[in-house]
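Chemist: Would you mind keeping the following structure in view while I ask a few things?
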Amino acid sequence: ARPVAMACAPGRGKASKIKHLCGVPTLRPDAAARTAAAAPERCVDASRARVLSAKSILVIAHGGKKRASRAFVKDMRDVEMMLGECGVSTEFVETTCAGDATRIARERDLSGYDAVGVMGGDGTFREAAEGLLSRGDGDSTAKSTPLFVFPCGTGNNYARDLGVSTVEDMVKKVKAGRVAPVDAVKVSHGVDFANETISINVVTWGMARDAAETAEGMRWLGPFRYDVAGLFHILMNKKNFATIGVSNELSGAMSDESNEYLMMFAQNTRCSGRGFTFTPLAQLDDGEFDVMTCLKTSPFHTKGLFDATKSGGGHVEDPNVAYVKAKRLSLSTREPERVGIDGEVTVKTPVRLTAMKHAFLTFV
């Protein structure tokens, strides 16, 4: 992966208190390094891109309750019109329930399409990625058919890392035709870790996961539901004991640590929720995911950390925070506890995470 500025802030109080997480050196990027890392060209290495002239695209549109809304209808019309003006034909398939995007991407005959687009947010995009990657070893579609997302959801964190904030932005990338390989994260869980699912955005545990679940029940608040839910769980000040293991190698022994944590994030993207920068140096194609853990602290201190994630990720300089890059992670708790995946899927501990380098192609 291309180098990322790792400027640190030596001598700033106790900022370097936690020097390692499970033997992996912690990162302490200062404001300048975090700002530089936010540029889309730092999130994906465009030098790996190849040119693809897409003429036919299958679009998986997140339907359900959204399909009757004016915004949904407008987005579909805009996608069809803008791509049509670029000489690209589109076929829309609407989802009707959770898991539909996975089923469509896994079972649909894609031989007549040059790419698969998703109209939705990070959750729908995750479903489609899981379907594409589960087509079987004998199907080369997962490696050869680009998968991309029109930012029609709430968080749109994956699209944000690519510099995409509107349907028009994404259409411009399709027209430019530059596709590059990007990563995913495999989440193993259940008895003997026999069950597997995919993350393209974030895996959360602790206060952050609890807040995300609460936010799901506040969709009527729009994007601000993440702020409200976060404040609610800060005030609850729940204790979360866990054993976390981290390694920057795909094989071999993995050290672990047991502690009272506030939360844990394992992210493929820089942001989660409403653009909260929990892992400011994350890259979509470096073959790693970024891990952020925070030790238990006071509600007042937690509120300050939460605010810092909303203003560029300054929380990573806090002495209670450990921030590392990893290729594997394990998480276990005394009793099974919920783990959130990309804001919509929930599994229970223990879980294991493994980086999937260059799992699929997307437009950059």
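Residues are referred to by chain and number: the chain letter is A, B, ... according to the order shown in the structure tokens, the number counts from 1 in that chain, and ligands are numbered separately from 1 in the order shown.
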Residues near A:Ser140, anyone? I mean within 12 Å using only C-alpha atoms, not counting same-chain ones fewer than 4 positions away, as a VMD selection string.

Modeler: chain A and resid 110 to 111 132 to 136 144 to 146 359 to 360

Chemist: Limited to N, CA, C and O atoms, could you put the picked residues into a file as a PDB file, in the first residue's frame?

Modeler:
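Written output follows (result_15.pdb):
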```pdb
ATOM      1  N   LEU A 110     -25.022 -12.657 -14.523  1.00  0.00           N
ATOM      2  CA  LEU A 110     -24.413 -11.349 -14.770  1.00  0.00           C
ATOM      3  C   LEU A 110     -23.637 -11.292 -16.082  1.00  0.00           C
ATOM      4  O   LEU A 110     -22.961 -10.298 -16.355  1.00  0.00           O
ATOM      5  N   SER A 111     -23.772 -12.331 -16.885  1.00  0.00           N
ATOM      6  CA  SER A 111     -22.973 -12.390 -18.117  1.00  0.00           C
ATOM      7  C   SER A 111     -23.309 -11.266 -19.091  1.00  0.00           C
ATOM      8  O   SER A 111     -22.484 -10.907 -19.927  1.00  0.00           O
ATOM      9  N   LEU A 132     -22.058 -11.257  -4.130  1.00  0.00           N
ATOM     10  CA  LEU A 132     -21.080 -11.374  -5.209  1.00  0.00           C
ATOM     11  C   LEU A 132     -19.928 -12.289  -4.805  1.00  0.00           C
ATOM     12  O   LEU A 132     -19.463 -13.115  -5.596  1.00  0.00           O
ATOM     13  N   LEU A 133     -19.475 -12.151  -3.545  1.00  0.00           N
ATOM     14  CA  LEU A 133     -18.323 -12.924  -3.084  1.00  0.00           C
ATOM     15  C   LEU A 133     -18.674 -14.359  -2.711  1.00  0.00           C
ATOM     16  O   LEU A 133     -17.777 -15.153  -2.426  1.00  0.00           O
ATOM     17  N   SER A 134     -19.965 -14.692  -2.711  1.00  0.00           N
ATOM     18  CA  SER A 134     -20.376 -16.058  -2.367  1.00  0.00           C
ATOM     19  C   SER A 134     -20.836 -16.841  -3.601  1.00  0.00           C
ATOM     20  O   SER A 134     -21.515 -17.852  -3.479  1.00  0.00           O
ATOM     21  N   ARG A 135     -20.459 -16.388  -4.788  1.00  0.00           N
ATOM     22  CA  ARG A 135     -20.893 -17.051  -6.021  1.00  0.00           C
ATOM     23  C   ARG A 135     -20.175 -18.376  -6.275  1.00  0.00           C
ATOM     24  O   ARG A 135     -20.553 -19.129  -7.159  1.00  0.00           O
ATOM     25  N   GLY A 136     -19.146 -18.672  -5.506  1.00  0.00           N
ATOM     26  CA  GLY A 136     -18.457 -19.952  -5.664  1.00  0.00           C
ATOM     27  C   GLY A 136     -17.113 -19.796  -6.330  1.00  0.00           C
ATOM     28  O   GLY A 136     -16.882 -18.878  -7.117  1.00  0.00           O
ATOM     29  N   SER A 144     -14.247 -10.175 -11.596  1.00  0.00           N
ATOM     30  CA  SER A 144     -14.224  -9.464 -12.873  1.00  0.00           C
ATOM     31  C   SER A 144     -15.323  -8.416 -13.045  1.00  0.00           C
ATOM     32  O   SER A 144     -15.212  -7.536 -13.901  1.00  0.00           O
ATOM     33  N   THR A 145     -16.405  -8.494 -12.257  1.00  0.00           N
ATOM     34  CA  THR A 145     -17.525  -7.563 -12.404  1.00  0.00           C
ATOM     35  C   THR A 145     -17.465  -6.488 -11.325  1.00  0.00           C
ATOM     36  O   THR A 145     -17.629  -6.798 -10.137  1.00  0.00           O
ATOM     37  N   PRO A 146     -17.247  -5.240 -11.694  1.00  0.00           N
ATOM     38  CA  PRO A 146     -17.200  -4.169 -10.682  1.00  0.00           C
ATOM     39  C   PRO A 146     -18.532  -4.023  -9.948  1.00  0.00           C
ATOM     40  O   PRO A 146     -19.605  -4.149 -10.550  1.00  0.00           O
ATOM     41  N   ALA A 359     -10.835  -7.862  -2.593  1.00  0.00           N
ATOM     42  CA  ALA A 359     -11.925  -8.849  -2.705  1.00  0.00           C
ATOM     43  C   ALA A 359     -12.784  -8.630  -3.944  1.00  0.00           C
ATOM     44  O   ALA A 359     -13.300  -9.594  -4.517  1.00  0.00           O
ATOM     45  N   PHE A 360     -12.984  -7.370  -4.352  1.00  0.00           N
ATOM     46  CA  PHE A 360     -13.792  -7.093  -5.534  1.00  0.00           C
ATOM     47  C   PHE A 360     -13.354  -5.775  -6.163  1.00  0.00           C
ATOM     48  O   PHE A 360     -12.531  -5.052  -5.597  1.00  0.00           O
TER      49      PHE A 360
END
```

Chemist: Can you list every residue in stretch 109-304 of chain A that DSSP puts in helix (DSSP H, G or I), as number ranges by chain?

Modeler: A: 122-133, 141-144, 157-161, 167-176, 191-193, 207-216, 219-236, 299-304

Chemist: Of the candidates A:Tyr261, A:Phe150, A:Tyr158, A:Phe232, which one gets nearest to A:Met170 if we count only C-alpha atoms?

Modeler: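 Among the listed residues, the smallest separation from A:Met170 belongs to A:Phe150.
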
Chemist: Tell me which protein, DNA and RNA residues are within 6 Å of stretch 178-183 of chain A, counting only C-alpha atoms, leaving out same-chain ones fewer than 5 positions away, and put them as JSON, numbers by chain.

Modeler: {"A": [48, 49, 50, 51, 284, 285, 356, 357, 358, 359, 360, 361, 362, 363, 364]}

Chemist: Closest to A:Gly155 among A:Pro280, A:Gly217, A:Gly222, A:Gly206, using only C-alpha atoms?

Modeler: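 Of the candidates, the smallest distance to A:Gly155 is held by A:Gly222.
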
Chemist: Mind pulling up the distance from atom CA of A:Asn320 to atom CA of A:Glu257?

Modeler: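 Taking atom CA of A:Glu257 as the start and atom CA of A:Asn320 as the end point, the length is 14.5 Å.
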
Chemist: Work out how far apart atom CA of A:Asp210 and atom CA of A:Gly314 are and give it in Å to one decimal.

Modeler: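 Atom-to-atom, atom CA of A:Asp210 and atom CA of A:Gly314 are spaced 22.3 Å apart.
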
Chemist: Could you pull out the residues in stretch 114-154 of chain A that DSSP calls strand (DSSP E or B) from the backbone, as number ranges by chain?

Modeler: A: 115-120, 147-151

Chemist: Name the residues in contact with A:Gly121 at a cut-off of 10 Å, using only C-alpha atoms, excluding same-chain residues fewer than 4 positions from it; report them as a list of chain:residue names.

Modeler: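 The residues satisfying every condition are A:His62, A:Phe125, A:Arg126, A:Val149, A:Phe150, A:Pro151, A:Cys152, A:Gly153, A:Thr154, A:Gly155, A:Asn156, A:Asn157, A:Tyr158, A:Ala159, A:Asp342, A:Gly343.
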
Chemist: Between A:Val246, A:Ile18, A:Met263, A:Leu331, which residue has the minimum interatomic distance to A:Phe289, considering only C-alpha atoms?

Modeler: A:Val246

Chemist: Nearest residue to A:Glu337 out of A:Thr204, A:Gln267, A:Thr293, A:Gln283, using only C-alpha atoms?

Modeler: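 Between A:Thr204, A:Gln267, A:Thr293, A:Gln283, the residue approaching A:Glu337 most closely is A:Thr204.
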
Chemist: Excluding A:Ile244 and any residue of its chain fewer than 5 positions from it, enumerate the residues within 8 Å of it, using only C-alpha atoms, and give them as number ranges by chain.

Modeler: A: 22, 256-258, 329-332

Chemist: Taking into account only C-alpha atoms, which residue in the set A:Asp100, A:Asp290, A:Asp227, A:Glu127 is nearest to A:Leu147?

Modeler: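 Closest residue, counting only C-alpha atoms: A:Glu127.
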
Chemist: Rounded to one decimal, what separation in Å do you get between atom CA of A:Val187 and atom CA of A:Thr333?

Modeler: 16.1 Å

Chemist: Any idea what's packed within 9 Å of A:Ile60, counting only C-alpha atoms, ignoring anything in its chain fewer than 3 positions away? Could you give it as a ChimeraX atom specification?

Modeler: /A:63,91-95,101,104-105,116-120,124,128

Chemist: Can I get the selection written as a tab-separated table (two decimals), in the first residue's frame, with C-alpha atoms?

Modeler:
```
chain	number	residue	atom	x	y	z
A	63	GLY	CA	-36.91	-0.81	-2.29
A	91	GLU	CA	-31.84	-2.67	-15.67
A	92	PHE	CA	-33.30	-2.13	-12.21
A	93	VAL	CA	-34.08	-4.87	-9.70
A	94	GLU	CA	-35.74	-3.71	-6.49
A	95	THR	CA	-35.23	-5.38	-3.14
A	101	ALA	CA	-29.48	-7.76	-2.44
A	104	ILE	CA	-29.71	-11.08	-6.37
A	105	ALA	CA	-25.94	-10.57	-6.50
A	116	VAL	CA	-23.44	-4.04	-10.83
A	117	GLY	CA	-24.60	-0.85	-9.15
A	118	VAL	CA	-26.38	-0.54	-5.81
A	119	MET	CA	-28.86	2.22	-4.99
A	120	GLY	CA	-28.81	2.38	-1.22
A	124	THR	CA	-27.42	-2.64	1.02
A	128	ALA	CA	-24.57	-7.09	-2.56
```

Chemist: From the set A:Ser47, A:Thr346, A:Ser56, A:Thr297, which residue has the shortest atom-to-atom contact distance to A:Val174, counting only C-alpha atoms?

Modeler: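 Checking each of A:Ser47, A:Thr346, A:Ser56, A:Thr297 against A:Val174, counting only C-alpha atoms, the winner is A:Ser56.
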
Chemist: For A:Arg225, please output as an mmCIF file with C-alpha atoms, in the first residue's frame all residues within 8 Å (counting only C-alpha atoms; exclusion window: fewer than 6 positions along the same chain).

Modeler:
```cif
data_model
loop_
_atom_site.group_PDB
_atom_site.id
_atom_site.type_symbol
_atom_site.label_atom_id
_atom_site.label_comp_id
_atom_site.auth_asym_id
_atom_site.auth_seq_id
_atom_site.Cartn_x
_atom_site.Cartn_y
_atom_site.Cartn_z
ATOM 1 C CA ALA A 215 -30.333 4.724 16.097
ATOM 2 C CA GLU A 216 -32.013 2.131 13.865
ATOM 3 C CA MET A 218 -34.947 6.436 15.302
ATOM 4 C CA ARG A 219 -34.838 6.519 11.498
#
```
